[in-house]
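S.K.: I am attaching a structure below and will ask some questions about it afterwards.
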Amino acid sequence: MTNATLSRRSALKAGIGGVAASALAAPAVHGQPRTTIRCGFWDHWVPAGNGALRELCAAWGQRERVDVQVDFITSVGRQNELTIAAQAQSKSGHDILSFPTWFPAAYADQLVPMDDVMGRLAAKYGAVTQAAEYLAKRDGKWVAVPAVSGTQMKPCLGRIDLLKQHAGFDPREMWPAADRAGPGADGWNWDAFLAAAEKCHAAGVPFGLPMGSFSDAVDWVGALFASFGANMLDERGRPTVSGNQKLRAAVEYMARLARFLPNDVWAWDDASNNRAIQGGRSALIFNPPSAWAVARRDNMAGHDQQWTFPMPSGPEGRFTPYLPYFWGIWNFSRNVGPSKALIEFLSERESADKQTTISNGYDIPPFASMNDFAVWQNEGPPTGVVYNYPIKPHHNARTSVAFAPAPPEIAVQAYTQGLNTGLIARIAQGGQTVDQALGWAERELRNFARG
Amino acid sequence: MAPDGTARPALSTRPAIKGRSPGVSSLERLARRRSSIAFLMTLPLILVIAGLVAYPAAWAIYLSTLNRRMTANIGFENYLILLDSETFRMIIWQSCFFALTAVFLKALIGFWLAHMLHNIPTKGQRKWRGMLLIPWVIPPALSTLGWWWMFDPSYSSINWIINVFGFPSIPWLGTPWWARIAVITVNVWYGAPFFMIMYLAALKSVPEQLYEAAAIDGATSWQRLRFITLPMMQNIISITVLFSLIVTFANYDIVRVLTNGGPRDTTHLFATYAFQVGILSANLPRGAAVSLFMLPILAVAAYFILRGVTRRTKEIA
């Protein structure tokens, strides 16, 4: 036995040391999470859509011993976009955030490069769709990962009965729920579309194609322009309007098509076309399966007559409107490593399958190799209604983003202003000549590149 | 108490410096000054104004001088770019047209309603006053949604009624002029009760004796309005118009919900266009420049209106 006496100072030191050691060791001993990741995901339109991400995050958090806090931020009233702007200005907020179409490029300077994650994912699943790469790559670096949840395409969604009766073709036969094109698919181009639009207009069920400044309108007109090779801006953001014969051809086509659209399409928002097909007032719209899903949920008449099929092709090919979301990590995040791991986990095939299945096939993964999930085969009625929603090899289609290939920070200005639909409206509604309208568009585009 | 008003008697034998109380520290003197106390009492308000008004305003002005990526100062280039844009020039015109027309109609309708209410006996007046104030107390985003259903391009209830009487549907939100009329209508519906309540208060403060004297002189109702009511209400009318002009110029929710600025940008206002450019197009500096365009227009209006108010107040005094 030693004779050493315990001083008050020593007792205090030993006590504090013991408390600190036990406090630090406690989480590891009990297996409690030591890291907290805060995620701000897009609040899904499909009611069950958020469930997939919540479950996946919980499963990953449990496995990795990370506490994952998930917020779902609605895009109603642009709240998600306001949140992004506020967090970017204050340099505080979530670790992972869902970024809508144009936002990764806009906030590229404040996002963590994701080349390592994209490299591993691409090695496993192949290349991502070209439009996603255009939007999320900045100066050769991935600034965000193309998300599954919230990413949509907008191919044709037609009423089988109305198209058969009035336009004289059956979209289900032309584009069956199989990896092959049916009879007449080769001739499914914008001329055939115009003829069908005219017939359906005469029959009182005109194609419900919005022409305002909302994304549904800008996206489909952008895809049409792309299929005519009608770029309004080049890769450096310079206007390519003057003397552009392809653009003129696309504009003249649109002016002809506008005559066969409902006369109120100039004021339509993103829900108006959904209501048009759900109410049986239109034979065809361009939309993701949400219009059909709501019609099925509410047992609306004719929901079992809806069919998704590819966009018509133009002189330069077939383009499908693409409106993706991205998962990005702020550079002020203190949990970059775990956040990257979570995003990689959410992008894996099994996770993507879960998100797509729970959203009734609405969510589209960015990898073409994942366009074979069973949900697109099985959804109905009619069974296979969304089989042709993702791009399949036999569609010979590419994804399209309006105003590509201009630098995103310039293209987004034309996009949000709805410059392509505004151009057509000036001719079809405002009574301007094609030259006057093109002159206006060129002057506006030139301003977007300044400053 | 010492003759100089200080509480402590002067104990020091040293000669007092001119203008200073002997034996009182400079800190105490500072605290005893009325201006210092006034400053200290208003300091919380000054801090609130500095934090919530001056700082954001200065930040917005600074922001508007940056380039799109906010990496370089480009002076007033954003303003010049905006003035070069046909769309923005139309938005200046549209904002002025919207604000002036809406404020004029609100003032007119509010004035008429106030007169109608003023002539109702007090017992029934309260009920009518409450009902007429309803548009003003409902959150505008909510009431505008109701209006949107009435103007809906495909399923407008107003058009349904029009069709019942055999008239064709009106493209309320689909053509520029109808869309402008629609947004102004909703703004007037929402804002007229504010004018009504302000004018009603002003009407009640006009001395009854003036009308009695005018009646003895044989004044007509028009003359009573022209030479008694309007001059007595002039300051309230000016202040109300100024207040409404500022709020109407900065209107956002009605246009955002009803038309999203369309068709062809013809219903955009400064605020909605600033949001489109600043937030949706992620060009915050140019968005700030758009919103700051309101400042000189409103400053000029405020200067002239407030100058008139001050002059009239001096005349009355």
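In the structure tokens, chains take the letters A, B, ... in the order shown, each chain's residues start at 1, and ligands count up from 1 in the order shown.
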Based on only C-alpha atoms, which of the residues in chain A come within 6 Å of chain B? I want them as a PDB file with all heavy atoms, in the first residue's frame.
M.R.:
```
ATOM      1  N   ASP A 264     -56.968  28.679 -75.363  1.00  0.00           N
ATOM      2  CA  ASP A 264     -56.545  29.203 -74.063  1.00  0.00           C
ATOM      3  C   ASP A 264     -55.174  28.686 -73.633  1.00  0.00           C
ATOM      4  O   ASP A 264     -54.742  28.915 -72.506  1.00  0.00           O
ATOM      5  CB  ASP A 264     -57.588  28.867 -72.987  1.00  0.00           C
ATOM      6  CG  ASP A 264     -57.956  27.393 -72.954  1.00  0.00           C
ATOM      7  OD1 ASP A 264     -57.394  26.635 -73.766  1.00  0.00           O
ATOM      8  OD2 ASP A 264     -58.795  27.000 -72.132  1.00  0.00           O
ATOM      9  N   TRP A 266     -52.318  29.655 -74.150  1.00  0.00           N
ATOM     10  CA  TRP A 266     -51.342  30.713 -73.846  1.00  0.00           C
ATOM     11  C   TRP A 266     -51.333  31.036 -72.361  1.00  0.00           C
ATOM     12  O   TRP A 266     -50.388  31.659 -71.875  1.00  0.00           O
ATOM     13  CB  TRP A 266     -51.661  31.963 -74.672  1.00  0.00           C
ATOM     14  CG  TRP A 266     -51.932  31.607 -76.099  1.00  0.00           C
ATOM     15  CD1 TRP A 266     -53.152  31.493 -76.700  1.00  0.00           C
ATOM     16  CD2 TRP A 266     -50.966  31.241 -77.091  1.00  0.00           C
ATOM     17  NE1 TRP A 266     -53.001  31.084 -77.998  1.00  0.00           N
ATOM     18  CE2 TRP A 266     -51.669  30.939 -78.274  1.00  0.00           C
ATOM     19  CE3 TRP A 266     -49.574  31.151 -77.100  1.00  0.00           C
ATOM     20  CZ2 TRP A 266     -51.033  30.533 -79.447  1.00  0.00           C
ATOM     21  CZ3 TRP A 266     -48.939  30.762 -78.265  1.00  0.00           C
ATOM     22  CH2 TRP A 266     -49.659  30.455 -79.417  1.00  0.00           C
ATOM     23  N   ALA A 267     -52.393  30.625 -71.665  1.00  0.00           N
ATOM     24  CA  ALA A 267     -52.465  30.908 -70.220  1.00  0.00           C
ATOM     25  C   ALA A 267     -52.364  29.625 -69.393  1.00  0.00           C
ATOM     26  O   ALA A 267     -52.552  29.671 -68.187  1.00  0.00           O
ATOM     27  CB  ALA A 267     -53.773  31.625 -69.897  1.00  0.00           C
ATOM     28  N   VAL A 412     -30.628  29.393 -68.749  1.00  0.00           N
ATOM     29  CA  VAL A 412     -31.700  29.421 -67.744  1.00  0.00           C
ATOM     30  C   VAL A 412     -32.531  30.702 -67.843  1.00  0.00           C
ATOM     31  O   VAL A 412     -33.738  30.699 -67.582  1.00  0.00           O
ATOM     32  CB  VAL A 412     -31.120  29.260 -66.320  1.00  0.00           C
ATOM     33  CG1 VAL A 412     -30.215  30.411 -65.933  1.00  0.00           C
ATOM     34  CG2 VAL A 412     -32.229  29.129 -65.285  1.00  0.00           C
ATOM     35  N   GLN A 413     -31.905  31.790 -68.270  1.00  0.00           N
ATOM     36  CA  GLN A 413     -32.649  33.052 -68.360  1.00  0.00           C
ATOM     37  C   GLN A 413     -33.689  32.991 -69.475  1.00  0.00           C
ATOM     38  O   GLN A 413     -34.817  33.465 -69.311  1.00  0.00           O
ATOM     39  CB  GLN A 413     -31.675  34.202 -68.585  1.00  0.00           C
ATOM     40  CG  GLN A 413     -30.718  34.365 -67.417  1.00  0.00           C
ATOM     41  CD  GLN A 413     -29.707  35.467 -67.671  1.00  0.00           C
ATOM     42  OE1 GLN A 413     -30.037  36.633 -67.656  1.00  0.00           O
ATOM     43  NE2 GLN A 413     -28.467  35.089 -67.906  1.00  0.00           N
ATOM     44  N   GLY A 422     -42.767  32.301 -76.023  1.00  0.00           N
ATOM     45  CA  GLY A 422     -43.070  33.718 -76.255  1.00  0.00           C
ATOM     46  C   GLY A 422     -42.873  34.102 -77.707  1.00  0.00           C
ATOM     47  O   GLY A 422     -43.640  34.901 -78.266  1.00  0.00           O
ATOM     48  N   GLY A 451     -23.239  40.890 -68.726  1.00  0.00           N
ATOM     49  CA  GLY A 451     -23.136  41.017 -67.263  1.00  0.00           C
ATOM     50  C   GLY A 451     -22.644  39.761 -66.596  1.00  0.00           C
ATOM     51  O   GLY A 451     -22.912  39.514 -65.456  1.00  0.00           O
TER      52      GLY A 451
END
```
S.K.: For stretch 374-383 of chain A, find every residue with an atom within 10 Å (counting only C-alpha atoms), except residues of its own chain fewer than 6 positions away, and show them as a list in words.
M.R.: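 The residues that qualify are Arg172, Ala177, Ala178, Trp292, Ala293, Arg296, His303, Asp304, Gln305, Gln306, Trp307, Asp353, Lys354, Thr356, Thr357, Ile358, Ser359, Asn360, Gly361, Tyr362, Tyr389 and Pro390 of chain A.
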S.K.: Could you check which of A:Gln62, A:Thr240, A:Gln355, A:Asn371 is closest to A:Ala441, using only C-alpha atoms?
M.R.: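 Of all the options, A:Thr240 lies closest to A:Ala441.
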S.K.: Please report the interatomic distance between atom CA of B:Ser64 and atom CA of B:Ala274 in Å with one decimal.
M.R.: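 It comes out at 11.4 Å.
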S.K.: What gap, in Å, lies between atom CA of B:Leu210 and atom CA of B:Ala192?
M.R.: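 Going from atom CA of B:Leu210 over to atom CA of B:Ala192, I get 27.6 Å.
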S.K.: Within stretch 202-447 of chain A, find each residue whose DSSP state, derived from the backbone, is alpha helix (DSSP H), and express the selection as a PyMOL selection string.
M.R.: chain A and resi 202+215-227+245-258+272-278+290-297+336-347+349-358+374-378+408-417+419-428+434-447
